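Engineer: Take a look at the following structure, please.
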Amino acid sequence: MLQRLKSRKDVPLEEQVRAVQHGDEDARHHLLSSYQPFIATSVSKVCKRYIDPERDDEFSVGFMAFNEAIDSYSEEKGSSFLTFARLVITRKVIDYIRKESIDVTTVSLDQSDDEEEQTNAADWRLSQVSKDAFEEEQVAWYRQMEIEEYNRKLEDYKLSFSELVSVSPKHQDAKESAKEVARFVYENKEFREYVLTKKRLPIKKIEPHVNVSKKTIERNRKYILAVFVLLVEDFTYLKEYVQGVNE
């Protein structure tokens, strides 16, 4: 267990998370204490304002989300713990904001005239957008957070989100073939581990298993890797945005 080690800071983060999942509550306390700045920053990014851990309810939501991420994280998906935790925090905070807005709407309908003055600010905010527009805004937030995280992951493969259009195959059939190769690599444990470790495709080994030539795989290498990363990570909204990835 981690408490027997001289210094937790010398222990890889994912190893500390595993220790918690195996019952090391001291390790949990250490992570929750040490990563409060990370939690505050992640929450602040969603709220677009400074978050005071002592006063803002959103920080408490992020704190609980980080704790939940510790329990539910799985290294098998290939993403780092902090990548996963940031997404969980983002989703939980946005869900909290949406729930609070819905609650304000319900309360305002039940209030008397005497209470109306107390909720003018909230009523004004809610009057600016329809329910559908508000939900669209939340989905857009989810997607933007995932795009930023996706771009960070692509950098490990010397790729960027902005260049996906230029590396995408021009013809639909070629694009579908590339996605098929990416899905094959993702679903094959040996190849998936190779790509996650080496950050490149084992093209010669892949070729015998797919109906795509070596030359075509090489030509579409960047796009295949980009789709592979999308499949590995927990990017729910981004997968829906990039149509056909899960098909």
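Please note that chains go A, B, ... in the order of the structure tokens, that every chain numbers its residues from 1, and that ligands are numbered from 1 in the order shown.
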Near A:Ile203, counting only C-alpha atoms, which residues have an atom at most 9 Å away, once you skip same-chain residues fewer than 3 positions from it, shown as a list in words?
Structural biologist: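 So the residues in contact are Arg200, Ile206, Glu207, Lys214, Ile217, Glu218 and Arg221 of chain A.
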Engineer: How about saving the chosen residues, all heavy atoms kept, as a compact mmCIF listing (two decimals), in the first residue's frame?
Structural biologist:
```txt
# COMPACT_ATOMS: atom_id res chain seq x y z
N ARG A 200 2.27 5.47 -32.67
CA ARG A 200 2.29 5.31 -34.13
C ARG A 200 1.63 3.99 -34.51
O ARG A 200 1.43 3.12 -33.66
CB ARG A 200 3.72 5.36 -34.67
CG ARG A 200 4.63 4.25 -34.21
CD ARG A 200 5.98 4.33 -34.91
NE ARG A 200 6.84 3.20 -34.58
CZ ARG A 200 7.70 3.17 -33.58
NH1 ARG A 200 7.82 4.22 -32.78
NH2 ARG A 200 8.44 2.11 -33.35
N ILE A 206 -0.66 -4.47 -39.37
CA ILE A 206 -2.09 -4.25 -39.55
C ILE A 206 -2.57 -4.73 -40.92
O ILE A 206 -3.64 -5.31 -41.05
CB ILE A 206 -2.42 -2.74 -39.40
CG1 ILE A 206 -2.18 -2.28 -37.97
CG2 ILE A 206 -3.88 -2.46 -39.80
CD1 ILE A 206 -2.32 -0.78 -37.78
N GLU A 207 -1.76 -4.48 -41.95
CA GLU A 207 -2.17 -4.72 -43.34
C GLU A 207 -2.81 -6.09 -43.60
O GLU A 207 -3.85 -6.17 -44.25
CB GLU A 207 -0.97 -4.51 -44.28
CG GLU A 207 -1.36 -4.66 -45.74
CD GLU A 207 -0.14 -4.65 -46.66
OE1 GLU A 207 1.00 -4.68 -46.13
OE2 GLU A 207 -0.34 -4.67 -47.88
N LYS A 214 -1.29 -1.30 -47.84
CA LYS A 214 -0.29 -0.63 -47.01
C LYS A 214 -0.14 0.83 -47.43
O LYS A 214 -0.04 1.72 -46.58
CB LYS A 214 1.05 -1.37 -47.15
CG LYS A 214 2.19 -0.70 -46.38
CD LYS A 214 3.50 -1.46 -46.62
CE LYS A 214 4.66 -0.74 -45.95
NZ LYS A 214 5.96 -1.42 -46.22
N ILE A 217 -3.04 2.86 -46.09
CA ILE A 217 -2.92 3.06 -44.64
C ILE A 217 -1.89 4.15 -44.35
O ILE A 217 -2.13 5.02 -43.51
CB ILE A 217 -2.50 1.75 -43.93
CG1 ILE A 217 -3.59 0.68 -44.09
CG2 ILE A 217 -2.24 2.01 -42.44
CD1 ILE A 217 -3.20 -0.66 -43.51
N GLU A 218 -0.78 4.12 -45.05
CA GLU A 218 0.26 5.13 -44.86
C GLU A 218 -0.25 6.52 -45.24
O GLU A 218 0.02 7.50 -44.54
CB GLU A 218 1.49 4.78 -45.70
CG GLU A 218 2.26 3.57 -45.17
CD GLU A 218 3.42 3.18 -46.07
OE1 GLU A 218 3.39 3.57 -47.27
OE2 GLU A 218 4.33 2.48 -45.59
N ARG A 221 -2.64 7.73 -42.55
CA ARG A 221 -2.13 7.42 -41.21
C ARG A 221 -2.62 8.42 -40.15
O ARG A 221 -3.09 8.03 -39.08
CB ARG A 221 -0.60 7.40 -41.24
CG ARG A 221 0.06 7.24 -39.88
CD ARG A 221 1.57 7.35 -40.02
NE ARG A 221 1.97 8.64 -40.53
CZ ARG A 221 2.08 9.75 -39.78
NH1 ARG A 221 1.82 9.68 -38.48
NH2 ARG A 221 2.46 10.89 -40.31
```
Engineer: Give me, as a short mmCIF file (atom, residue, chain, number, x, y, z; two decimals) with all heavy atoms, in the first residue's frame, the residues of stretch 22-97 of chain A that a backbone DSSP run labels alpha helix (DSSP H).
Structural biologist:
```
data_model
loop_
_atom_site.label_atom_id
_atom_site.label_comp_id
_atom_site.auth_asym_id
_atom_site.auth_seq_id
_atom_site.Cartn_x
_atom_site.Cartn_y
_atom_site.Cartn_z
N GLU A 25 -7.50 4.30 1.84
CA GLU A 25 -8.18 5.57 2.07
C GLU A 25 -7.21 6.71 2.36
O GLU A 25 -7.53 7.88 2.16
CB GLU A 25 -9.20 5.42 3.21
CG GLU A 25 -10.41 4.58 2.84
CD GLU A 25 -11.14 5.13 1.62
OE1 GLU A 25 -11.39 6.36 1.58
OE2 GLU A 25 -11.46 4.36 0.70
N ASP A 26 -6.01 6.39 2.88
CA ASP A 26 -5.00 7.43 3.07
C ASP A 26 -4.59 8.01 1.72
O ASP A 26 -4.37 9.23 1.59
CB ASP A 26 -3.77 6.86 3.78
CG ASP A 26 -4.04 6.61 5.26
OD1 ASP A 26 -4.99 7.21 5.79
OD2 ASP A 26 -3.29 5.82 5.87
N ALA A 27 -4.50 7.13 0.73
CA ALA A 27 -4.15 7.59 -0.62
C ALA A 27 -5.26 8.48 -1.18
O ALA A 27 -4.99 9.48 -1.86
CB ALA A 27 -3.91 6.39 -1.54
N ARG A 28 -6.51 8.12 -0.90
CA ARG A 28 -7.63 8.95 -1.35
C ARG A 28 -7.54 10.36 -0.73
O ARG A 28 -7.70 11.36 -1.43
CB ARG A 28 -8.97 8.31 -0.97
CG ARG A 28 -10.18 9.09 -1.51
CD ARG A 28 -11.48 8.58 -0.89
NE ARG A 28 -11.73 7.20 -1.19
CZ ARG A 28 -12.31 6.77 -2.32
NH1 ARG A 28 -12.68 7.64 -3.25
NH2 ARG A 28 -12.50 5.47 -2.50
N HIS A 29 -7.30 10.39 0.57
CA HIS A 29 -7.20 11.68 1.26
C HIS A 29 -6.08 12.52 0.67
O HIS A 29 -6.22 13.75 0.47
CB HIS A 29 -6.94 11.45 2.75
CG HIS A 29 -6.75 12.71 3.53
ND1 HIS A 29 -7.80 13.55 3.89
CD2 HIS A 29 -5.61 13.30 4.01
CE1 HIS A 29 -7.31 14.59 4.54
NE2 HIS A 29 -6.00 14.46 4.64
N HIS A 30 -4.95 11.88 0.38
CA HIS A 30 -3.81 12.58 -0.21
C HIS A 30 -4.18 13.17 -1.57
O HIS A 30 -3.87 14.34 -1.85
CB HIS A 30 -2.63 11.62 -0.37
CG HIS A 30 -1.51 12.18 -1.18
ND1 HIS A 30 -0.64 13.14 -0.70
CD2 HIS A 30 -1.12 11.93 -2.47
CE1 HIS A 30 0.23 13.45 -1.64
NE2 HIS A 30 -0.03 12.74 -2.71
N LEU A 31 -4.85 12.38 -2.42
CA LEU A 31 -5.23 12.86 -3.76
C LEU A 31 -6.23 14.01 -3.67
O LEU A 31 -6.09 15.02 -4.36
CB LEU A 31 -5.82 11.71 -4.58
CG LEU A 31 -4.85 10.63 -5.04
CD1 LEU A 31 -5.59 9.51 -5.75
CD2 LEU A 31 -3.79 11.22 -5.97
N LEU A 32 -7.24 13.86 -2.82
CA LEU A 32 -8.27 14.89 -2.69
C LEU A 32 -7.67 16.20 -2.16
O LEU A 32 -8.11 17.29 -2.53
CB LEU A 32 -9.39 14.41 -1.78
CG LEU A 32 -10.25 13.28 -2.33
CD1 LEU A 32 -11.24 12.79 -1.27
CD2 LEU A 32 -11.02 13.75 -3.57
N SER A 33 -6.67 16.08 -1.31
CA SER A 33 -6.03 17.27 -0.76
C SER A 33 -5.06 17.90 -1.76
O SER A 33 -5.08 19.12 -1.97
CB SER A 33 -5.27 16.89 0.52
OG SER A 33 -4.55 17.99 1.02
N SER A 34 -4.26 17.08 -2.41
CA SER A 34 -3.22 17.57 -3.31
C SER A 34 -3.77 18.16 -4.60
O SER A 34 -3.15 19.08 -5.18
CB SER A 34 -2.24 16.44 -3.65
OG SER A 34 -1.63 15.93 -2.50
N GLN A 36 -6.69 19.75 -5.15
CA GLN A 36 -7.71 20.80 -5.06
C GLN A 36 -7.45 21.95 -6.04
O GLN A 36 -8.40 22.48 -6.64
CB GLN A 36 -7.82 21.31 -3.62
CG GLN A 36 -8.48 20.31 -2.70
CD GLN A 36 -8.89 20.91 -1.37
OE1 GLN A 36 -9.19 22.09 -1.28
NE2 GLN A 36 -8.90 20.08 -0.33
N PRO A 37 -6.21 22.36 -6.27
CA PRO A 37 -5.97 23.40 -7.29
C PRO A 37 -6.42 22.93 -8.68
O PRO A 37 -6.98 23.72 -9.45
CB PRO A 37 -4.45 23.60 -7.24
CG PRO A 37 -4.09 23.21 -5.84
CD PRO A 37 -4.98 22.05 -5.52
N PHE A 38 -6.16 21.67 -9.00
CA PHE A 38 -6.60 21.12 -10.29
C PHE A 38 -8.12 21.15 -10.39
O PHE A 38 -8.68 21.52 -11.43
CB PHE A 38 -6.09 19.67 -10.43
CG PHE A 38 -6.71 18.91 -11.57
CD1 PHE A 38 -6.22 19.04 -12.86
CD2 PHE A 38 -7.79 18.06 -11.34
CE1 PHE A 38 -6.81 18.33 -13.91
CE2 PHE A 38 -8.37 17.36 -12.38
CZ PHE A 38 -7.88 17.50 -13.67
N ILE A 39 -8.80 20.77 -9.30
CA ILE A 39 -10.26 20.78 -9.27
C ILE A 39 -10.79 22.19 -9.47
O ILE A 39 -11.68 22.43 -10.29
CB ILE A 39 -10.78 20.19 -7.94
CG1 ILE A 39 -10.38 18.72 -7.80
CG2 ILE A 39 -12.30 20.34 -7.85
CD1 ILE A 39 -10.63 18.13 -6.42
N ALA A 40 -10.22 23.14 -8.74
CA ALA A 40 -10.66 24.54 -8.83
C ALA A 40 -10.46 25.08 -10.24
O ALA A 40 -11.33 25.78 -10.78
CB ALA A 40 -9.92 25.40 -7.82
N THR A 41 -9.34 24.76 -10.85
CA THR A 41 -9.06 25.23 -12.21
C THR A 41 -10.04 24.62 -13.21
O THR A 41 -10.54 25.32 -14.10
CB THR A 41 -7.62 24.86 -12.62
OG1 THR A 41 -6.70 25.47 -11.71
CG2 THR A 41 -7.32 25.33 -14.04
N SER A 42 -10.32 23.34 -13.06
CA SER A 42 -11.25 22.66 -13.96
C SER A 42 -12.65 23.25 -13.84
O SER A 42 -13.33 23.47 -14.85
CB SER A 42 -11.29 21.15 -13.65
OG SER A 42 -10.02 20.56 -13.84
N VAL A 43 -13.07 23.51 -12.61
CA VAL A 43 -14.40 24.10 -12.38
C VAL A 43 -14.44 25.52 -12.91
O VAL A 43 -15.43 25.94 -13.54
CB VAL A 43 -14.76 24.07 -10.88
CG1 VAL A 43 -16.08 24.81 -10.63
CG2 VAL A 43 -14.86 22.63 -10.37
N SER A 44 -13.39 26.27 -12.67
CA SER A 44 -13.31 27.66 -13.12
C SER A 44 -13.43 27.75 -14.64
O SER A 44 -14.05 28.68 -15.17
CB SER A 44 -12.00 28.29 -12.65
OG SER A 44 -11.88 29.61 -13.12
N LYS A 45 -12.86 26.79 -15.32
CA LYS A 45 -12.90 26.79 -16.78
C LYS A 45 -14.33 26.62 -17.28
O LYS A 45 -14.72 27.21 -18.29
CB LYS A 45 -12.02 25.65 -17.31
CG LYS A 45 -11.62 25.82 -18.76
CD LYS A 45 -10.50 24.87 -19.10
CE LYS A 45 -9.97 25.15 -20.49
NZ LYS A 45 -8.83 24.28 -20.84
N VAL A 46 -15.11 25.83 -16.58
CA VAL A 46 -16.51 25.63 -16.96
C VAL A 46 -17.33 26.89 -16.65
O VAL A 46 -18.13 27.35 -17.46
CB VAL A 46 -17.12 24.43 -16.21
CG1 VAL A 46 -18.60 24.28 -16.58
CG2 VAL A 46 -16.37 23.15 -16.55
N CYS A 47 -17.11 27.46 -15.47
CA CYS A 47 -17.92 28.59 -15.00
C CYS A 47 -17.46 29.94 -15.58
O CYS A 47 -18.16 30.94 -15.45
CB CYS A 47 -17.89 28.66 -13.48
SG CYS A 47 -18.59 27.20 -12.67
N ASP A 57 -20.32 26.78 -4.38
CA ASP A 57 -20.89 25.43 -4.39
C ASP A 57 -20.35 24.61 -5.55
O ASP A 57 -20.24 23.38 -5.46
CB ASP A 57 -22.42 25.50 -4.49
CG ASP A 57 -23.05 26.05 -3.22
OD1 ASP A 57 -22.38 26.01 -2.17
OD2 ASP A 57 -24.20 26.52 -3.29
N GLU A 58 -20.01 25.29 -6.64
CA GLU A 58 -19.50 24.58 -7.82
C GLU A 58 -18.21 23.83 -7.50
O GLU A 58 -17.95 22.76 -8.06
CB GLU A 58 -19.26 25.56 -8.98
CG GLU A 58 -20.52 26.11 -9.60
CD GLU A 58 -21.04 27.34 -8.90
OE1 GLU A 58 -20.53 27.68 -7.80
OE2 GLU A 58 -21.94 28.00 -9.45
N PHE A 59 -17.40 24.40 -6.58
CA PHE A 59 -16.17 23.69 -6.20
C PHE A 59 -16.52 22.38 -5.50
O PHE A 59 -15.87 21.35 -5.75
CB PHE A 59 -15.30 24.54 -5.28
CG PHE A 59 -14.06 23.81 -4.82
CD1 PHE A 59 -12.95 23.73 -5.64
CD2 PHE A 59 -14.03 23.17 -3.59
CE1 PHE A 59 -11.82 23.02 -5.23
CE2 PHE A 59 -12.91 22.47 -3.17
CZ PHE A 59 -11.80 22.40 -4.00
N SER A 60 -17.51 22.40 -4.64
CA SER A 60 -17.92 21.17 -3.94
C SER A 60 -18.38 20.11 -4.92
O SER A 60 -18.09 18.92 -4.77
CB SER A 60 -19.06 21.48 -2.95
OG SER A 60 -18.61 22.38 -1.94
N VAL A 61 -19.10 20.56 -5.96
CA VAL A 61 -19.54 19.63 -7.01
C VAL A 61 -18.33 19.03 -7.72
O VAL A 61 -18.25 17.82 -7.96
CB VAL A 61 -20.45 20.35 -8.03
CG1 VAL A 61 -20.79 19.42 -9.19
CG2 VAL A 61 -21.73 20.83 -7.34
N GLY A 62 -17.36 19.89 -8.04
CA GLY A 62 -16.15 19.41 -8.71
C GLY A 62 -15.34 18.49 -7.82
O GLY A 62 -14.77 17.49 -8.28
N PHE A 63 -15.30 18.80 -6.53
CA PHE A 63 -14.57 17.99 -5.56
C PHE A 63 -15.17 16.58 -5.50
O PHE A 63 -14.45 15.57 -5.54
CB PHE A 63 -14.64 18.64 -4.19
CG PHE A 63 -13.83 17.97 -3.12
CD1 PHE A 63 -12.48 18.26 -2.97
CD2 PHE A 63 -14.40 17.03 -2.26
CE1 PHE A 63 -11.72 17.64 -1.99
CE2 PHE A 63 -13.65 16.41 -1.28
CZ PHE A 63 -12.30 16.71 -1.13
N MET A 64 -16.50 16.50 -5.42
CA MET A 64 -17.17 15.19 -5.38
C MET A 64 -17.00 14.44 -6.71
O MET A 64 -16.86 13.21 -6.73
CB MET A 64 -18.65 15.37 -5.06
CG MET A 64 -18.90 15.80 -3.62
SD MET A 64 -20.66 15.87 -3.17
CE MET A 64 -21.19 17.31 -4.09
N ALA A 65 -16.97 15.20 -7.81
CA ALA A 65 -16.77 14.58 -9.12
C ALA A 65 -15.37 13.98 -9.23
O ALA A 65 -15.18 12.89 -9.78
CB ALA A 65 -16.99 15.62 -10.22
N PHE A 66 -14.38 14.69 -8.68
CA PHE A 66 -13.00 14.18 -8.68
C PHE A 66 -12.92 12.89 -7.88
O PHE A 66 -12.28 11.92 -8.29
CB PHE A 66 -12.06 15.23 -8.10
CG PHE A 66 -10.60 14.86 -8.18
CD1 PHE A 66 -9.87 15.10 -9.33
CD2 PHE A 66 -9.96 14.28 -7.09
CE1 PHE A 66 -8.51 14.77 -9.41
CE2 PHE A 66 -8.61 13.93 -7.16
CZ PHE A 66 -7.89 14.17 -8.32
N ASN A 67 -13.59 12.86 -6.75
CA ASN A 67 -13.63 11.66 -5.91
C ASN A 67 -14.30 10.51 -6.65
O ASN A 67 -13.84 9.36 -6.60
CB ASN A 67 -14.37 11.95 -4.61
CG ASN A 67 -14.28 10.80 -3.61
OD1 ASN A 67 -13.19 10.28 -3.35
ND2 ASN A 67 -15.41 10.40 -3.06
N GLU A 68 -15.37 10.83 -7.36
CA GLU A 68 -16.06 9.80 -8.16
C GLU A 68 -15.15 9.29 -9.27
O GLU A 68 -15.14 8.10 -9.58
CB GLU A 68 -17.32 10.41 -8.76
CG GLU A 68 -18.12 9.45 -9.64
CD GLU A 68 -19.34 10.10 -10.25
OE1 GLU A 68 -20.01 10.89 -9.53
OE2 GLU A 68 -19.62 9.86 -11.44
N ALA A 69 -14.38 10.19 -9.87
CA ALA A 69 -13.47 9.81 -10.95
C ALA A 69 -12.40 8.83 -10.44
O ALA A 69 -12.01 7.91 -11.16
CB ALA A 69 -12.81 11.05 -11.55
N ILE A 70 -11.95 9.04 -9.21
CA ILE A 70 -10.96 8.13 -8.63
C ILE A 70 -11.51 6.70 -8.59
O ILE A 70 -10.82 5.74 -8.92
CB ILE A 70 -10.59 8.58 -7.19
CG1 ILE A 70 -9.83 9.90 -7.23
CG2 ILE A 70 -9.75 7.51 -6.49
CD1 ILE A 70 -9.55 10.49 -5.85
N ASP A 71 -12.78 6.57 -8.20
CA ASP A 71 -13.38 5.25 -8.07
C ASP A 71 -13.71 4.60 -9.41
O ASP A 71 -13.69 3.37 -9.53
CB ASP A 71 -14.66 5.34 -7.23
CG ASP A 71 -14.37 5.68 -5.78
OD1 ASP A 71 -13.33 5.25 -5.26
OD2 ASP A 71 -15.18 6.40 -5.16
N SER A 72 -14.03 5.41 -10.41
CA SER A 72 -14.51 4.84 -11.67
C SER A 72 -13.47 4.80 -12.78
O SER A 72 -13.71 4.27 -13.86
CB SER A 72 -15.74 5.63 -12.16
OG SER A 72 -15.42 7.00 -12.33
N PHE A 81 -5.43 9.63 -16.00
CA PHE A 81 -6.45 9.88 -14.97
C PHE A 81 -6.91 11.32 -14.99
O PHE A 81 -8.10 11.61 -14.86
CB PHE A 81 -5.91 9.52 -13.58
CG PHE A 81 -6.83 9.98 -12.49
CD1 PHE A 81 -8.05 9.36 -12.28
CD2 PHE A 81 -6.49 11.08 -11.69
CE1 PHE A 81 -8.93 9.81 -11.28
CE2 PHE A 81 -7.35 11.52 -10.70
CZ PHE A 81 -8.57 10.89 -10.50
N LEU A 82 -5.98 12.27 -15.15
CA LEU A 82 -6.36 13.68 -15.11
C LEU A 82 -7.26 14.04 -16.29
O LEU A 82 -8.16 14.88 -16.16
CB LEU A 82 -5.13 14.57 -15.08
CG LEU A 82 -4.32 14.52 -13.78
CD1 LEU A 82 -3.17 15.52 -13.83
CD2 LEU A 82 -5.20 14.80 -12.56
N THR A 83 -7.01 13.44 -17.44
CA THR A 83 -7.90 13.66 -18.59
C THR A 83 -9.31 13.20 -18.25
O THR A 83 -10.29 13.91 -18.49
CB THR A 83 -7.40 12.89 -19.82
OG1 THR A 83 -6.14 13.42 -20.24
CG2 THR A 83 -8.38 13.00 -20.98
N PHE A 84 -9.39 12.01 -17.70
CA PHE A 84 -10.69 11.45 -17.32
C PHE A 84 -11.35 12.29 -16.23
O PHE A 84 -12.54 12.62 -16.32
CB PHE A 84 -10.49 10.01 -16.83
CG PHE A 84 -11.74 9.35 -16.33
CD1 PHE A 84 -12.74 8.95 -17.19
CD2 PHE A 84 -11.92 9.13 -14.96
CE1 PHE A 84 -13.90 8.33 -16.73
CE2 PHE A 84 -13.07 8.53 -14.48
CZ PHE A 84 -14.06 8.12 -15.37
N ALA A 85 -10.59 12.66 -15.21
CA ALA A 85 -11.14 13.43 -14.09
C ALA A 85 -11.65 14.78 -14.55
O ALA A 85 -12.71 15.24 -14.11
CB ALA A 85 -10.07 13.62 -13.01
N ARG A 86 -10.92 15.42 -15.47
CA ARG A 86 -11.35 16.73 -15.96
C ARG A 86 -12.70 16.64 -16.67
O ARG A 86 -13.58 17.50 -16.52
CB ARG A 86 -10.31 17.32 -16.90
CG ARG A 86 -10.59 18.76 -17.31
CD ARG A 86 -9.52 19.31 -18.22
NE ARG A 86 -8.27 19.55 -17.51
CZ ARG A 86 -7.17 18.85 -17.71
NH1 ARG A 86 -7.15 17.85 -18.58
NH2 ARG A 86 -6.06 19.12 -17.04
N LEU A 87 -12.89 15.57 -17.44
CA LEU A 87 -14.16 15.39 -18.13
C LEU A 87 -15.31 15.12 -17.16
O LEU A 87 -16.41 15.63 -17.32
CB LEU A 87 -14.05 14.23 -19.13
CG LEU A 87 -13.23 14.52 -20.39
CD1 LEU A 87 -13.07 13.25 -21.21
CD2 LEU A 87 -13.89 15.60 -21.23
N VAL A 88 -15.03 14.30 -16.14
CA VAL A 88 -16.07 14.00 -15.14
C VAL A 88 -16.46 15.28 -14.40
O VAL A 88 -17.65 15.56 -14.20
CB VAL A 88 -15.58 12.94 -14.13
CG1 VAL A 88 -16.61 12.76 -13.02
CG2 VAL A 88 -15.35 11.60 -14.84
N ILE A 89 -15.47 16.07 -14.02
CA ILE A 89 -15.74 17.34 -13.32
C ILE A 89 -16.56 18.27 -14.21
O ILE A 89 -17.55 18.86 -13.77
CB ILE A 89 -14.42 18.03 -12.91
CG1 ILE A 89 -13.72 17.23 -11.81
CG2 ILE A 89 -14.67 19.46 -12.45
CD1 ILE A 89 -12.31 17.70 -11.51
N THR A 90 -16.16 18.38 -15.46
CA THR A 90 -16.87 19.25 -16.40
C THR A 90 -18.33 18.87 -16.52
O THR A 90 -19.24 19.70 -16.44
CB THR A 90 -16.21 19.21 -17.79
OG1 THR A 90 -14.87 19.68 -17.69
CG2 THR A 90 -16.97 20.07 -18.79
N ARG A 91 -18.58 17.59 -16.69
CA ARG A 91 -19.96 17.12 -16.87
C ARG A 91 -20.80 17.33 -15.61
O ARG A 91 -21.95 17.74 -15.69
CB ARG A 91 -19.94 15.65 -17.27
CG ARG A 91 -19.41 15.44 -18.68
CD ARG A 91 -19.19 13.99 -18.99
NE ARG A 91 -18.65 13.85 -20.34
CZ ARG A 91 -18.14 12.74 -20.83
NH1 ARG A 91 -18.11 11.66 -20.07
NH2 ARG A 91 -17.67 12.70 -22.06
N LYS A 92 -20.21 17.04 -14.47
CA LYS A 92 -20.96 17.17 -13.22
C LYS A 92 -21.29 18.63 -12.92
O LYS A 92 -22.39 18.95 -12.44
CB LYS A 92 -20.17 16.57 -12.06
CG LYS A 92 -20.00 15.05 -12.12
CD LYS A 92 -21.35 14.35 -11.96
CE LYS A 92 -21.17 12.83 -11.92
NZ LYS A 92 -22.47 12.14 -11.77
N VAL A 93 -20.33 19.53 -13.17
CA VAL A 93 -20.57 20.94 -12.91
C VAL A 93 -21.64 21.50 -13.86
O VAL A 93 -22.52 22.25 -13.44
CB VAL A 93 -19.26 21.76 -13.05
CG1 VAL A 93 -19.55 23.26 -12.99
CG2 VAL A 93 -18.29 21.36 -11.95
N ILE A 94 -21.58 21.11 -15.12
CA ILE A 94 -22.59 21.57 -16.08
C ILE A 94 -23.96 21.02 -15.70
O ILE A 94 -24.97 21.73 -15.77
CB ILE A 94 -22.21 21.16 -17.52
CG1 ILE A 94 -21.00 21.97 -17.98
CG2 ILE A 94 -23.38 21.40 -18.47
CD1 ILE A 94 -20.49 21.62 -19.35
N ASP A 95 -24.01 19.77 -15.28
CA ASP A 95 -25.28 19.20 -14.82
C ASP A 95 -25.83 19.97 -13.63
O ASP A 95 -27.03 20.21 -13.52
CB ASP A 95 -25.09 17.72 -14.43
CG ASP A 95 -24.98 16.82 -15.65
OD1 ASP A 95 -25.32 17.26 -16.76
OD2 ASP A 95 -24.53 15.66 -15.48
N TYR A 96 -24.93 20.37 -12.73
CA TYR A 96 -25.33 21.14 -11.54
C TYR A 96 -25.89 22.50 -11.96
O TYR A 96 -26.95 22.93 -11.46
CB TYR A 96 -24.13 21.33 -10.62
CG TYR A 96 -24.37 22.32 -9.50
CD1 TYR A 96 -25.09 21.95 -8.37
CD2 TYR A 96 -23.89 23.63 -9.59
CE1 TYR A 96 -25.32 22.85 -7.34
CE2 TYR A 96 -24.12 24.53 -8.57
CZ TYR A 96 -24.83 24.14 -7.45
OH TYR A 96 -25.07 25.04 -6.44
N ILE A 97 -25.20 23.17 -12.88
CA ILE A 97 -25.66 24.49 -13.35
C ILE A 97 -27.03 24.37 -14.00
O ILE A 97 -27.92 25.19 -13.77
CB ILE A 97 -24.64 25.09 -14.34
CG1 ILE A 97 -23.33 25.41 -13.61
CG2 ILE A 97 -25.21 26.34 -15.01
CD1 ILE A 97 -22.20 25.82 -14.53
#
```
Engineer: May I have the residues within 9 Å of stretch 210-213 of chain A as a PyMOL selection string, using only C-alpha atoms and disregarding those fewer than 6 positions away in the same chain?
Structural biologist: chain A and resi 177-178+180-181+184
Engineer: Save the residues we just selected, all heavy atoms, as a CSV table (one decimal), in the first residue's frame?
Structural biologist:
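The file below, selection-v2.csv, is the result:
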```csv
chain,number,residue,atom,x,y,z
A,177,SER,N,-13.1,3.5,-45.0
A,177,SER,CA,-12.0,2.5,-44.9
A,177,SER,C,-11.1,2.8,-43.7
A,177,SER,O,-10.6,2.0,-43.0
A,177,SER,CB,-11.3,2.3,-46.2
A,177,SER,OG,-12.2,1.8,-47.2
A,178,ALA,N,-10.7,4.1,-43.7
A,178,ALA,CA,-9.8,4.6,-42.6
A,178,ALA,C,-10.4,4.4,-41.3
A,178,ALA,O,-9.7,4.0,-40.3
A,178,ALA,CB,-9.4,6.0,-42.9
A,180,GLU,N,-12.6,2.2,-40.5
A,180,GLU,CA,-12.6,0.7,-40.2
A,180,GLU,C,-11.3,0.3,-39.7
A,180,GLU,O,-11.2,-0.6,-38.8
A,180,GLU,CB,-12.9,0.0,-41.5
A,180,GLU,CG,-13.2,-1.5,-41.4
A,180,GLU,CD,-13.6,-2.1,-42.7
A,180,GLU,OE1,-14.5,-1.5,-43.4
A,180,GLU,OE2,-13.1,-3.2,-43.0
A,181,VAL,N,-10.2,0.8,-40.2
A,181,VAL,CA,-8.9,0.4,-39.8
A,181,VAL,C,-8.7,0.9,-38.3
A,181,VAL,O,-8.2,0.2,-37.5
A,181,VAL,CB,-7.8,1.0,-40.7
A,181,VAL,CG1,-6.4,0.8,-40.0
A,181,VAL,CG2,-7.8,0.4,-42.1
A,184,PHE,N,-10.5,-1.3,-36.0
A,184,PHE,CA,-9.9,-2.6,-35.9
A,184,PHE,C,-8.7,-2.5,-34.9
A,184,PHE,O,-8.5,-3.4,-34.0
A,184,PHE,CB,-9.3,-3.1,-37.2
A,184,PHE,CG,-8.4,-4.3,-37.1
A,184,PHE,CD1,-8.9,-5.6,-36.9
A,184,PHE,CD2,-7.0,-4.1,-37.2
A,184,PHE,CE1,-8.0,-6.6,-36.7
A,184,PHE,CE2,-6.2,-5.2,-37.1
A,184,PHE,CZ,-6.7,-6.5,-36.8
```
Engineer: If you count only C-alpha atoms, which residues fall within 6 Å of stretch 160-173 of chain A, apart from same-chain ones fewer than 3 positions away, as a list in words?
Structural biologist: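 Residues near the query, excluding close chain neighbours: Asn151, Leu154, Glu176 and Tyr223 of chain A.
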Engineer: Calculated over only C-alpha atoms, which of the candidates A:Lys222, A:Glu146, A:Tyr237, A:Glu187 has the smallest distance to A:Leu201?
Structural biologist: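 The closest residue to A:Leu201 is A:Lys222.
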Engineer: Which distance in Å separates atom CA of A:Arg183 and atom CA of A:Tyr157, to one decimal?
Structural biologist: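 That distance, rounded to one decimal, is 17.2 Å.
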